[in-house]
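Chemist: Have a peek at work_20.cif (mmCIF, C-alpha atoms).
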data_structure
loop_
_atom_site.label_atom_id
_atom_site.label_comp_id
_atom_site.auth_asym_id
_atom_site.auth_seq_id
_atom_site.Cartn_x
_atom_site.Cartn_y
_atom_site.Cartn_z
CA MET A 1 154.92 0.26 127.41
CA VAL A 2 151.38 0.59 128.60
CA GLU A 3 149.03 -2.26 129.29
CA ILE A 4 145.27 -2.16 129.72
CA ILE A 5 144.22 -4.18 132.77
CA GLY A 6 141.10 -4.79 134.84
CA LEU A 7 140.13 -3.16 138.13
CA GLN A 8 140.85 -6.29 140.15
CA GLU A 9 144.27 -6.72 138.53
CA ALA A 10 145.08 -3.12 139.37
CA ALA A 11 144.02 -3.56 142.98
CA GLU A 12 146.20 -6.66 143.33
CA MET A 13 149.30 -4.59 142.53
CA VAL A 14 148.87 -2.74 145.82
CA SER A 15 150.46 -4.83 148.59
CA ASP A 16 150.13 -4.60 152.35
CA GLY A 17 152.33 -1.82 153.72
CA ALA A 18 152.71 -0.05 150.36
CA THR A 19 153.14 3.71 150.01
CA VAL A 20 150.46 4.89 147.60
CA MET A 21 149.92 8.29 146.01
CA ILE A 22 146.26 8.86 145.24
CA GLY A 23 145.03 11.66 142.97
CA GLY A 24 141.89 13.70 143.60
CA PHE A 25 140.53 16.62 145.57
CA ILE A 26 137.75 15.56 147.94
CA GLY A 27 137.31 12.61 145.58
CA VAL A 28 137.00 14.69 142.39
CA GLY A 29 139.67 13.32 140.06
CA GLY A 30 140.20 10.35 142.37
CA PRO A 31 140.56 6.71 141.16
CA ASN A 32 137.44 5.76 143.05
CA SER A 33 136.75 2.47 141.22
CA ILE A 34 140.26 1.13 141.94
CA LEU A 35 139.84 2.22 145.56
CA GLU A 36 136.59 0.24 145.74
CA ALA A 37 138.52 -2.83 144.56
CA LEU A 38 141.16 -2.17 147.23
CA ILE A 39 138.42 -2.27 149.84
CA GLU A 40 137.29 -5.68 148.54
CA ASN A 41 140.90 -6.92 148.68
CA ASN A 42 141.21 -5.55 152.22
CA VAL A 43 144.87 -4.62 151.71
CA LYS A 44 146.31 -3.28 155.00
CA ASP A 45 148.79 -0.87 156.57
CA LEU A 46 148.89 1.53 153.63
CA THR A 47 150.71 4.83 153.73
CA ILE A 48 148.71 7.16 151.54
CA ILE A 49 149.84 10.46 150.07
CA SER A 50 146.90 12.53 148.92
CA ASN A 51 145.31 15.95 149.21
CA ASP A 52 142.68 14.83 151.73
CA THR A 53 140.82 11.80 153.08
CA VAL A 54 137.60 12.62 151.18
CA THR A 55 134.33 11.73 152.95
CA PRO A 56 133.50 8.48 154.80
CA GLU A 57 131.35 7.30 151.86
CA LEU A 58 133.83 7.67 149.00
CA GLY A 59 137.28 6.53 147.82
CA ILE A 60 140.07 7.10 150.32
CA GLY A 61 137.43 7.91 152.91
CA LYS A 62 136.14 4.35 152.75
CA LEU A 63 139.68 2.99 153.12
CA VAL A 64 139.94 5.02 156.34
CA VAL A 65 136.62 3.72 157.64
CA ASN A 66 137.73 0.16 156.79
CA LYS A 67 140.99 0.76 158.75
CA GLN A 68 143.27 -0.03 155.83
CA ILE A 69 145.48 3.01 156.31
CA LYS A 70 148.40 3.20 158.73
CA LYS A 71 149.61 6.66 157.84
CA ALA A 72 148.09 9.52 155.86
CA ILE A 73 150.23 12.33 154.45
CA VAL A 74 147.57 14.89 153.53
CA THR A 75 146.66 18.59 153.67
CA HIS A 76 143.17 18.34 155.11
CA ILE A 77 141.04 15.82 157.01
CA GLY A 78 138.07 18.03 157.86
CA THR A 79 135.68 16.38 155.39
CA ASN A 80 136.13 12.95 157.00
CA PRO A 81 135.38 12.89 160.75
CA GLU A 82 136.51 9.25 160.95
CA THR A 83 140.10 10.26 160.08
CA GLY A 84 140.15 12.70 163.00
CA ARG A 85 138.63 10.10 165.31
CA GLN A 86 141.25 7.46 164.39
CA MET A 87 144.02 10.06 164.69
CA ASN A 88 142.91 11.08 168.19
CA ALA A 89 142.59 7.41 169.19
CA GLY A 90 146.16 6.74 168.02
CA GLU A 91 144.97 4.26 165.36
CA LEU A 92 146.06 6.32 162.37
CA GLU A 93 149.12 8.52 161.98
CA VAL A 94 148.38 11.77 160.16
CA GLU A 95 151.06 14.07 158.77
CA LEU A 96 149.44 17.36 157.80
CA VAL A 97 151.28 19.18 155.03
CA PRO A 98 150.47 22.58 153.51
CA GLN A 99 148.89 21.97 150.09
CA GLY A 100 151.50 23.80 148.05
CA THR A 101 154.25 22.05 150.00
CA LEU A 102 152.66 18.67 149.29
CA ALA A 103 152.55 19.42 145.55
CA GLU A 104 156.19 20.56 145.55
CA ARG A 105 157.45 17.64 147.67
CA ILE A 106 155.88 15.25 145.17
CA ARG A 107 157.26 17.29 142.29
CA ALA A 108 160.74 17.15 143.87
CA GLY A 109 160.40 13.38 144.23
CA GLY A 110 159.45 13.03 140.59
CA ALA A 111 161.93 15.59 139.29
CA GLY A 112 165.04 14.23 141.00
CA LEU A 113 165.42 17.24 143.29
CA GLY A 114 166.87 16.99 146.80
CA GLY A 115 164.16 19.03 148.49
CA VAL A 116 162.13 22.21 148.45
CA LEU A 117 162.62 25.51 150.26
CA THR A 118 159.41 27.27 151.22
CA LYS A 119 158.14 29.88 153.65
CA ALA A 120 154.85 28.03 154.14
CA GLY A 121 154.77 26.61 157.66
CA LEU A 122 157.43 28.87 159.22
CA LYS A 123 156.65 29.65 162.88
CA THR A 124 153.87 27.07 162.88
CA PRO A 125 153.73 23.43 164.06
CA VAL A 126 154.75 22.45 160.50
CA GLU A 127 158.35 23.59 161.11
CA GLU A 128 158.91 21.23 164.05
CA GLY A 129 161.89 18.94 163.47
CA LYS A 130 162.75 20.49 160.10
CA ARG A 131 165.88 22.32 158.99
CA LYS A 132 165.65 26.03 158.33
CA LEU A 133 167.91 27.70 155.81
CA GLU A 134 168.62 31.38 155.32
CA ILE A 135 168.84 32.33 151.66
CA ASN A 136 169.56 35.96 150.75
CA GLY A 137 168.51 37.06 154.22
CA GLN A 138 165.18 35.21 154.19
CA ASP A 139 164.26 32.13 156.23
CA TYR A 140 162.94 29.02 154.51
CA LEU A 141 161.89 25.57 155.63
CA LEU A 142 163.56 22.60 153.99
CA GLU A 143 160.87 20.14 152.92
CA MET A 144 161.91 16.70 151.70
CA PRO A 145 160.88 14.94 148.47
CA LEU A 146 158.08 12.38 148.46
CA LYS A 147 158.05 9.20 146.41
CA ALA A 148 155.72 6.21 146.38
CA ASP A 149 155.59 2.56 145.42
CA ILE A 150 152.43 3.11 143.41
CA ALA A 151 150.48 6.10 142.15
CA LEU A 152 146.77 5.59 141.55
CA LEU A 153 145.50 8.30 139.23
CA LYS A 154 142.24 9.24 137.58
CA ALA A 155 142.04 10.73 134.10
CA SER A 156 139.10 11.50 131.85
CA LYS A 157 140.69 9.98 128.79
CA ALA A 158 143.72 7.82 127.91
CA ASP A 159 144.98 6.70 124.55
CA LYS A 160 146.56 3.27 124.18
CA ALA A 161 150.02 4.85 124.55
CA GLY A 162 149.01 5.92 128.07
CA ASN A 163 148.77 9.63 127.30
CA LEU A 164 146.33 11.20 129.73
CA TYR A 165 143.81 14.02 129.46
CA TYR A 166 142.00 15.39 132.51
CA ASN A 167 138.71 17.29 132.29
CA GLY A 168 137.97 20.40 134.35
CA SER A 169 139.24 20.49 137.91
CA THR A 170 139.93 16.74 138.02
CA ARG A 171 143.59 17.34 137.16
CA ASN A 172 144.73 18.53 140.62
CA PHE A 173 147.48 16.24 142.00
CA ASN A 174 147.28 13.59 139.24
CA PRO A 175 149.96 14.89 136.82
CA VAL A 176 152.58 15.50 139.51
CA MET A 177 151.92 12.12 141.15
CA ALA A 178 152.42 10.44 137.76
CA THR A 179 156.10 11.43 138.00
CA ALA A 180 156.89 10.27 141.53
CA ALA A 181 155.99 6.57 141.86
CA GLU A 182 157.66 3.31 140.84
CA LEU A 183 154.43 2.09 139.27
CA VAL A 184 151.69 4.30 137.84
CA ILE A 185 148.14 3.09 137.27
CA ALA A 186 145.55 5.40 135.76
CA GLU A 187 141.83 4.75 136.02
CA VAL A 188 140.13 6.44 133.08
CA ASP A 189 136.60 7.16 131.92
CA GLU A 190 137.46 6.50 128.29
CA ILE A 191 140.19 4.67 126.36
CA VAL A 192 140.81 5.84 122.78
CA GLU A 193 143.16 4.83 119.96
CA ILE A 194 146.63 6.30 119.62
CA GLY A 195 146.33 9.56 117.72
CA GLU A 196 142.89 10.40 119.03
CA ILE A 197 144.36 12.63 121.72
CA ASN A 198 146.18 15.45 119.99
CA PRO A 199 149.77 15.65 121.33
CA ASN A 200 149.05 19.31 122.16
CA ASP A 201 146.30 18.21 124.56
CA VAL A 202 148.28 15.54 126.44
CA MET A 203 148.56 16.54 130.10
CA THR A 204 150.51 13.50 131.34
CA PRO A 205 152.78 11.91 128.71
CA GLY A 206 152.31 8.15 128.42
CA ILE A 207 155.96 7.50 129.33
CA PHE A 208 154.99 8.01 132.97
CA VAL A 209 152.12 5.51 132.88
CA ASN A 210 152.42 1.71 133.28
CA PHE A 211 148.81 0.56 133.33
CA ILE A 212 145.43 1.95 132.39
CA VAL A 213 142.15 0.68 133.73
CA LYS A 214 138.69 1.40 132.37
CA GLY A 215 136.70 2.60 135.31
CA GLY A 216 135.25 5.94 136.21
CA ARG A 217 131.73 6.70 135.18
CA MET B 1 122.47 42.23 163.16
CA ASP B 2 121.46 38.67 162.37
CA LYS B 3 123.89 36.19 160.82
CA ALA B 4 122.90 37.03 157.22
CA GLN B 5 123.32 40.77 157.85
CA ILE B 6 126.72 40.17 159.44
CA ILE B 7 127.90 38.17 156.43
CA GLU B 8 126.56 40.80 154.02
CA THR B 9 128.19 43.66 155.92
CA ILE B 10 131.58 41.96 155.98
CA ALA B 11 131.46 40.65 152.39
CA LYS B 12 130.42 44.06 150.98
CA ARG B 13 133.23 45.81 152.82
CA VAL B 14 135.84 43.27 151.70
CA ALA B 15 134.66 43.71 148.09
CA LYS B 16 135.61 47.42 148.32
CA GLU B 17 139.22 46.41 148.97
CA LEU B 18 139.51 44.71 145.58
CA ASN B 19 140.99 46.67 142.72
CA LYS B 20 140.20 46.39 139.04
CA GLY B 21 141.95 43.38 137.50
CA ASP B 22 142.97 41.75 140.79
CA VAL B 23 143.59 37.99 141.06
CA VAL B 24 141.83 36.95 144.25
CA ASN B 25 141.51 33.73 146.27
CA LEU B 26 138.52 33.50 148.60
CA GLY B 27 138.62 31.03 151.48
CA ILE B 28 135.81 28.61 152.24
CA GLY B 29 132.84 29.89 154.26
CA LEU B 30 132.18 33.59 154.81
CA PRO B 31 134.84 34.82 152.31
CA THR B 32 133.06 33.11 149.38
CA PHE B 33 130.20 35.62 149.80
CA VAL B 34 132.55 38.44 148.72
CA ALA B 35 132.09 37.33 145.09
CA ASN B 36 128.40 38.31 145.33
CA TYR B 37 129.33 41.97 145.73
CA VAL B 38 131.90 42.29 142.96
CA ASP B 39 130.87 44.06 139.75
CA ALA B 40 131.72 42.35 136.44
CA GLU B 41 133.33 45.58 135.25
CA MET B 42 135.92 45.21 138.04
CA GLN B 43 137.31 42.27 136.02
CA ILE B 44 138.36 40.39 139.13
CA THR B 45 139.77 36.91 138.46
CA PHE B 46 138.97 34.45 141.21
CA GLN B 47 141.41 31.59 141.73
CA SER B 48 140.32 28.20 143.05
CA GLU B 49 143.30 26.41 144.60
CA ASN B 50 142.16 22.97 143.45
CA GLY B 51 143.11 24.07 139.97
CA PHE B 52 141.64 26.95 138.01
CA VAL B 53 141.24 30.68 137.50
CA GLY B 54 138.00 32.21 136.35
CA LEU B 55 135.91 30.72 139.14
CA GLY B 56 132.27 31.63 138.51
CA PRO B 57 129.10 31.31 140.58
CA ALA B 58 127.80 28.04 142.02
CA ALA B 59 126.37 25.75 139.32
CA ALA B 60 122.60 26.04 138.83
CA LYS B 61 120.53 23.10 140.02
CA GLY B 62 120.48 20.41 137.33
CA GLU B 63 123.49 21.94 135.58
CA GLU B 64 126.23 20.70 137.89
CA ASN B 65 129.32 19.30 136.19
CA PRO B 66 130.95 16.73 138.51
CA ASP B 67 134.35 17.62 137.02
CA ILE B 68 134.12 21.29 138.00
CA VAL B 69 134.14 21.90 141.74
CA ASN B 70 135.58 24.55 144.03
CA ALA B 71 138.11 23.96 146.81
CA GLY B 72 135.23 22.98 149.09
CA GLY B 73 134.17 20.27 146.62
CA LEU B 74 130.97 22.09 145.61
CA PRO B 75 129.84 22.24 141.96
CA VAL B 76 130.71 25.61 140.47
CA THR B 77 131.19 27.18 137.06
CA ILE B 78 134.18 28.50 135.15
CA LEU B 79 133.82 31.80 133.30
CA PRO B 80 134.86 32.43 129.67
CA GLY B 81 138.57 33.24 129.70
CA GLY B 82 139.23 30.92 132.64
CA ALA B 83 141.86 28.18 132.73
CA PHE B 84 142.34 24.83 134.45
CA PHE B 85 145.70 23.61 135.74
CA ASP B 86 147.23 21.13 138.16
CA SER B 87 148.02 21.58 141.88
CA SER B 88 151.67 22.35 141.23
CA LEU B 89 150.87 25.31 138.98
CA SER B 90 148.03 26.34 141.28
CA PHE B 91 150.49 26.79 144.13
CA THR B 92 153.06 28.40 141.87
CA ILE B 93 150.38 31.05 141.38
CA ILE B 94 149.67 31.20 145.13
CA ARG B 95 153.16 30.96 146.60
CA GLY B 96 154.88 32.90 143.84
CA GLY B 97 153.09 36.18 144.56
CA HIS B 98 150.68 36.01 141.62
CA VAL B 99 147.60 36.34 143.83
CA ASP B 100 146.89 39.99 144.66
CA LYS B 101 144.56 39.35 147.57
CA THR B 102 143.51 36.41 149.66
CA VAL B 103 140.52 36.59 151.98
CA LEU B 104 140.38 34.06 154.83
CA GLY B 105 138.45 33.41 157.99
CA ALA B 106 140.20 33.20 161.37
CA LEU B 107 139.86 31.63 164.76
CA GLN B 108 142.29 34.20 166.15
CA VAL B 109 144.36 37.06 164.80
CA ASP B 110 146.72 39.20 166.82
CA ALA B 111 148.48 42.57 167.10
CA GLN B 112 151.51 41.31 165.15
CA GLY B 113 149.37 40.14 162.24
CA ASN B 114 149.71 36.50 163.27
CA LEU B 115 146.88 34.25 162.12
CA ALA B 116 145.47 31.05 163.63
CA ASN B 117 142.78 29.35 161.58
CA TRP B 118 143.58 25.66 161.12
CA MET B 119 143.40 23.79 164.41
CA ILE B 120 142.25 23.74 168.01
CA PRO B 121 144.53 21.18 169.71
CA GLY B 122 142.59 18.25 171.13
CA LYS B 123 139.32 19.46 169.64
CA MET B 124 139.33 20.26 165.97
CA VAL B 125 142.18 19.48 163.58
CA PRO B 126 140.82 19.82 160.05
CA GLY B 127 144.25 20.64 158.60
CA MET B 128 145.63 23.69 156.85
CA GLY B 129 144.74 22.79 153.26
CA GLY B 130 146.13 25.65 151.16
CA ALA B 131 145.89 28.32 153.86
CA MET B 132 149.57 28.40 154.87
CA ASP B 133 150.70 28.81 151.27
CA LEU B 134 148.05 31.44 150.55
CA VAL B 135 148.91 33.55 153.56
CA VAL B 136 152.66 33.61 152.89
CA GLY B 137 152.27 33.99 149.13
CA ALA B 138 149.46 36.47 148.47
CA LYS B 139 150.43 40.13 148.15
CA LYS B 140 147.70 41.21 150.58
CA VAL B 141 146.06 39.08 153.27
CA ILE B 142 142.60 40.13 154.45
CA VAL B 143 141.00 38.37 157.39
CA ALA B 144 137.20 38.43 157.11
CA MET B 145 135.40 37.21 160.20
CA GLU B 146 132.84 37.93 162.88
CA HIS B 147 134.46 40.32 165.33
CA SER B 148 134.10 38.06 168.34
CA ALA B 149 132.98 34.52 169.10
CA LYS B 150 129.75 35.29 170.96
CA GLY B 151 131.44 38.19 172.75
CA LYS B 152 134.74 36.38 173.31
CA PRO B 153 137.52 38.34 171.59
CA LYS B 154 139.20 36.85 168.53
CA ILE B 155 141.46 39.85 167.94
CA LEU B 156 144.09 39.26 170.61
CA LYS B 157 147.34 40.67 171.93
CA LYS B 158 148.89 37.32 171.03
CA CYS B 159 147.35 34.23 169.41
CA THR B 160 147.10 31.25 171.77
CA LEU B 161 146.26 28.67 169.08
CA PRO B 162 148.91 27.17 166.75
CA LEU B 163 149.63 29.65 163.97
CA THR B 164 148.83 29.40 160.28
CA ALA B 165 151.51 32.01 159.61
CA ALA B 166 153.37 34.75 161.47
CA SER B 167 153.04 38.48 160.67
CA GLU B 168 151.31 38.01 157.33
CA VAL B 169 147.86 39.57 157.95
CA ASP B 170 147.46 43.06 156.48
CA MET B 171 143.86 43.87 157.29
CA ILE B 172 140.98 42.61 159.45
CA ILE B 173 137.41 43.24 158.34
CA THR B 174 134.52 42.43 160.68
CA GLU B 175 130.90 43.54 160.99
CA MET B 176 132.07 46.09 163.58
CA ALA B 177 135.35 47.38 162.26
CA VAL B 178 138.06 47.67 159.67
CA ILE B 179 141.48 47.28 161.26
CA GLU B 180 144.84 47.66 159.57
CA VAL B 181 147.91 45.81 160.80
CA THR B 182 150.86 48.22 160.97
CA PRO B 183 154.35 48.03 162.51
CA GLU B 184 153.02 50.27 165.31
CA GLY B 185 150.14 47.90 166.03
CA LEU B 186 146.50 47.54 165.03
CA VAL B 187 144.87 50.70 163.70
CA LEU B 188 141.08 51.06 163.79
CA THR B 189 140.30 52.89 160.56
CA GLU B 190 136.57 52.34 160.14
CA LEU B 191 133.52 51.45 162.19
CA GLY B 192 130.80 49.08 161.03
CA PRO B 193 127.28 50.41 160.40
CA GLU B 194 126.02 49.97 163.97
CA ALA B 195 129.25 50.05 166.00
CA THR B 196 130.87 52.70 168.22
CA VAL B 197 134.52 52.81 169.26
CA GLU B 198 133.47 51.67 172.75
CA ASP B 199 131.58 48.67 171.28
CA VAL B 200 134.67 47.63 169.34
CA LEU B 201 137.06 48.05 172.26
CA ALA B 202 134.74 45.99 174.49
CA VAL B 203 135.18 42.87 172.31
CA THR B 204 138.80 43.38 171.22
CA GLU B 205 141.62 42.19 173.46
CA ALA B 206 144.45 43.72 171.44
CA ASP B 207 145.24 47.41 171.89
CA LEU B 208 143.81 49.52 169.08
CA ILE B 209 145.20 52.77 167.78
CA ILE B 210 142.23 54.90 166.77
CA SER B 211 142.94 56.42 163.36
CA GLU B 212 142.61 60.20 163.16
CA ALA B 213 140.73 59.65 159.93
CA LEU B 214 138.33 57.16 161.55
CA LYS B 215 135.25 56.66 159.38
#
Hey, can you dump this file as structure tokens for me?

Modeler:
Amino acid sequence: MVEIIGLQEAAEMVSDGATVMIGGFIGVGGPNSILEALIENNVKDLTIISNDTVTPELGIGKLVVNKQIKKAIVTHIGTNPETGRQMNAGELEVELVPQGTLAERIRAGGAGLGGVLTKAGLKTPVEEGKRKLEINGQDYLLEMPLKADIALLKASKADKAGNLYYNGSTRNFNPVMATAAELVIAEVDEIVEIGEINPNDVMTPGIFVNFIVKGGR
Amino acid sequence: MDKAQIIETIAKRVAKELNKGDVVNLGIGLPTFVANYVDAEMQITFQSENGFVGLGPAAAKGEENPDIVNAGGLPVTILPGGAFFDSSLSFTIIRGGHVDKTVLGALQVDAQGNLANWMIPGKMVPGMGGAMDLVVGAKKVIVAMEHSAKGKPKILKKCTLPLTAASEVDMIITEMAVIEVTPEGLVLTELGPEATVEDVLAVTEADLIISEALK
């Protein structure tokens, strides 16, 4: 069952200390209107799981600047100098994860898998504290699944059954995050009637989605 | 050579390493210039790790589509025949050996083909993004970079910075040299347009085997 709610209602579902998956790639395909509402609510101590921390002026980047994040599990922080500053000052914990590993850890979380074996990160700081397994004579790192309390997604279009369609390169982490959180909220540019998105074009089936919010452009 | 000439020299030489029909991922920065020297008839497919193949040139001013950006977040175009996908499929392509060549910059690279390009402890920690997956997954890894950092060698006996991956680099292309990574060590196979062997050795810390077929 999918319900259409407002931005403020969506933001209120994110509590202090929550683990939140946030779609987007440097803010493109990110639920930036919901994130704005989170800044107004001033929710604290979030653990975010996302590709990056965007720029100081947008989305997750603003949450960093506003010191609402306790821990960031991300692949890249280079576009937001404030993340690096807070990390070096010990104000923000950052777990850097190779991008493919992040996608697969989320996928494992959503797909009911016990973990992922990958070569990415072997003999680098990424392997510290992790189990290594030898499979058919090759070494792999064991990477653990990721799940979240809430996933905040961005889609170009939703129908009233919650089926999502993403335009261009906005898809990125959104579909996989839709599978790995207790509660899934999608901010969308456009809401259409059931049937107006051809089932062949659905990229995230509505069964994964709890709430849709008109936001975006 | 000035900066623009250095970039052009390196990008042109990297372009010669691409074969007809290759699927190629270009890293951010200098490697993106390689696309400028690739002929359409080569039918190279460029992959953008944020989620598509068929990456075209930067979007013309006024024609930017905010939904189509490259892995650096810049507005780009997608060519006819291209395809969008999500991050999971993007890294299935990358990690699963479906990328023929990846071209990346480096802070350091060493005689064992180790690569360091994602952090300088205590100074700069941008993160690895997709680099670790690309380097272990692509069939051929080409490092494209300036030969030295203002005269300070970047091609070392052993990397001192935290690694991106161990023993994955196949080839190093700079404005001064083309160097192949082999089990015997680094082999200097080609000199840049203005370089001599002595010039190259002077700014390379690693031992170089001079190829008998040196060009």

Chemist: From the set B:Pro153, B:Pro126, B:Gly105, B:Gly56, which residue has the shortest atom-to-atom contact distance to chain A, counting only C-alpha atoms?

Modeler: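 Among the listed residues, the smallest separation from chain A belongs to B:Pro126.
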
Chemist: If the cut-off is 9 Å, can you tell me the residues of chain A near chain B, counting all atoms listed in the file? I'd like them as JSON, numbers by chain.

Modeler: {"A": [25, 26, 27, 28, 29, 51, 52, 74, 75, 76, 77, 78, 79, 80, 81, 84, 88, 96, 97, 98, 99, 100, 101, 102, 103, 104, 107, 118, 119, 120, 121, 122, 123, 124, 125, 167, 168, 169, 170, 171, 172, 173, 174, 175, 176]}

Chemist: At what distance in Å, to one decimal, does atom CA of A:Leu92 lie from atom CA of A:Gly24?

Modeler: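 Taking atom CA of A:Gly24 and atom CA of A:Leu92, their separation equals 20.6 Å.
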
Chemist: Mind checking which residues fall within 8 Å of A:Ile48, counting all atoms listed in the file, ignoring those fewer than 4 positions away in the same chain, and posting them as a PDB file with C-alpha atoms, keeping the file's coordinate frame?

Modeler:
ATOM      1  CA  THR A  19     153.140   3.710 150.010  1.00  0.00           C
ATOM      2  CA  VAL A  20     150.460   4.890 147.600  1.00  0.00           C
ATOM      3  CA  MET A  21     149.920   8.290 146.010  1.00  0.00           C
ATOM      4  CA  ILE A  22     146.260   8.860 145.240  1.00  0.00           C
ATOM      5  CA  ILE A  69     145.480   3.010 156.310  1.00  0.00           C
ATOM      6  CA  LYS A  71     149.610   6.660 157.840  1.00  0.00           C
ATOM      7  CA  ALA A  72     148.090   9.520 155.860  1.00  0.00           C
ATOM      8  CA  ILE A  73     150.230  12.330 154.450  1.00  0.00           C
TER       9      ILE A  73
END

Chemist: Report, in Å with one decimal, the straight-line distance from atom CA of B:Leu107 to atom CA of B:Phe46.

Modeler: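 Interatomic distance here is 23.7 Å.
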
Chemist: Could you give me, as number ranges by chain, the residues within 10 Å of A:Glu9, counting all atoms listed in the file and dropping anything in the same chain fewer than 5 positions from it?

Modeler: A: 4, 14, 34, 37, 213

Chemist: Would you please work out which residue, of B:Lys215, B:His147, B:Lys12, B:Lys152, is nearest to B:Met176 when using all atoms listed in the file?

Modeler: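 Among B:Lys215, B:His147, B:Lys12, B:Lys152, it is B:His147 that comes nearest to B:Met176.
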
Chemist: Counting all atoms listed in the file, what is within 7 Å of A:Glu193, bar same-chain residues fewer than 3 positions away, as a list in words?

Modeler: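 In the requested form, the answer reads Asp159, Lys160 and Glu196 of chain A.
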
Chemist: Show me, as lines of an AutoDock Vina configuration file, the centre and edge lengths in Å to one decimal of the axis-aligned box that covers every listed atom of stretch 176-195 of chain A with 4 Å on each side.

Modeler:
center_x = 147.1
center_y = 8.8
center_z = 129.8
size_x = 29.1
size_y = 21.4
size_z = 32.1

Chemist: If you keep N, CA and C atoms, can you output stretch 74-89 of chain B as a PDB file, in the first residue's frame?

Modeler:
ATOM      1  N   LEU B  74      29.266  16.508 -13.925  1.00  0.00           N
ATOM      2  CA  LEU B  74      29.161  17.531 -14.968  1.00  0.00           C
ATOM      3  C   LEU B  74      28.168  17.116 -16.046  1.00  0.00           C
ATOM      4  N   PRO B  75      27.407  18.092 -16.591  1.00  0.00           N
ATOM      5  CA  PRO B  75      26.417  17.758 -17.628  1.00  0.00           C
ATOM      6  C   PRO B  75      27.107  17.217 -18.885  1.00  0.00           C
ATOM      7  N   VAL B  76      26.649  16.060 -19.316  1.00  0.00           N
ATOM      8  CA  VAL B  76      27.213  15.437 -20.512  1.00  0.00           C
ATOM      9  C   VAL B  76      26.066  14.970 -21.410  1.00  0.00           C
ATOM     10  N   THR B  77      26.429  14.247 -22.460  1.00  0.00           N
ATOM     11  CA  THR B  77      25.422  13.730 -23.375  1.00  0.00           C
ATOM     12  C   THR B  77      25.533  12.206 -23.443  1.00  0.00           C
ATOM     13  N   ILE B  78      24.464  11.586 -23.912  1.00  0.00           N
ATOM     14  CA  ILE B  78      24.506  10.145 -24.169  1.00  0.00           C
ATOM     15  C   ILE B  78      24.305   9.965 -25.669  1.00  0.00           C
ATOM     16  N   LEU B  79      25.086   9.081 -26.266  1.00  0.00           N
ATOM     17  CA  LEU B  79      25.045   8.898 -27.715  1.00  0.00           C
ATOM     18  C   LEU B  79      23.937   7.913 -28.095  1.00  0.00           C
ATOM     19  N   PRO B  80      23.456   7.983 -29.348  1.00  0.00           N
ATOM     20  CA  PRO B  80      22.481   6.982 -29.804  1.00  0.00           C
ATOM     21  C   PRO B  80      23.077   5.582 -29.609  1.00  0.00           C
ATOM     22  N   GLY B  81      22.259   4.666 -29.108  1.00  0.00           N
ATOM     23  CA  GLY B  81      22.758   3.317 -28.827  1.00  0.00           C
ATOM     24  C   GLY B  81      23.225   3.151 -27.397  1.00  0.00           C
ATOM     25  N   GLY B  82      23.244   4.237 -26.640  1.00  0.00           N
ATOM     26  CA  GLY B  82      23.654   4.162 -25.234  1.00  0.00           C
ATOM     27  C   GLY B  82      22.560   3.578 -24.363  1.00  0.00           C
ATOM     28  N   ALA B  83      22.881   3.371 -23.092  1.00  0.00           N
ATOM     29  CA  ALA B  83      21.904   2.794 -22.159  1.00  0.00           C
ATOM     30  C   ALA B  83      22.186   3.262 -20.741  1.00  0.00           C
ATOM     31  N   PHE B  84      21.108   3.569 -20.023  1.00  0.00           N
ATOM     32  CA  PHE B  84      21.220   3.922 -18.599  1.00  0.00           C
ATOM     33  C   PHE B  84      20.949   2.683 -17.747  1.00  0.00           C
ATOM     34  N   PHE B  85      21.556   2.674 -16.556  1.00  0.00           N
ATOM     35  CA  PHE B  85      21.294   1.581 -15.609  1.00  0.00           C
ATOM     36  C   PHE B  85      21.600   2.073 -14.200  1.00  0.00           C
ATOM     37  N   ASP B  86      21.389   1.180 -13.222  1.00  0.00           N
ATOM     38  CA  ASP B  86      21.629   1.585 -11.834  1.00  0.00           C
ATOM     39  C   ASP B  86      23.065   1.248 -11.412  1.00  0.00           C
ATOM     40  N   SER B  87      23.426   1.635 -10.184  1.00  0.00           N
ATOM     41  CA  SER B  87      24.801   1.459  -9.707  1.00  0.00           C
ATOM     42  C   SER B  87      25.192  -0.014  -9.597  1.00  0.00           C
ATOM     43  N   SER B  88      24.222  -0.845  -9.273  1.00  0.00           N
ATOM     44  CA  SER B  88      24.520  -2.263  -9.113  1.00  0.00           C
ATOM     45  C   SER B  88      24.941  -2.878 -10.456  1.00  0.00           C
ATOM     46  N   LEU B  89      24.201  -2.570 -11.508  1.00  0.00           N
ATOM     47  CA  LEU B  89      24.568  -3.077 -12.834  1.00  0.00           C
ATOM     48  C   LEU B  89      25.852  -2.399 -13.325  1.00  0.00           C
TER      49      LEU B  89
END
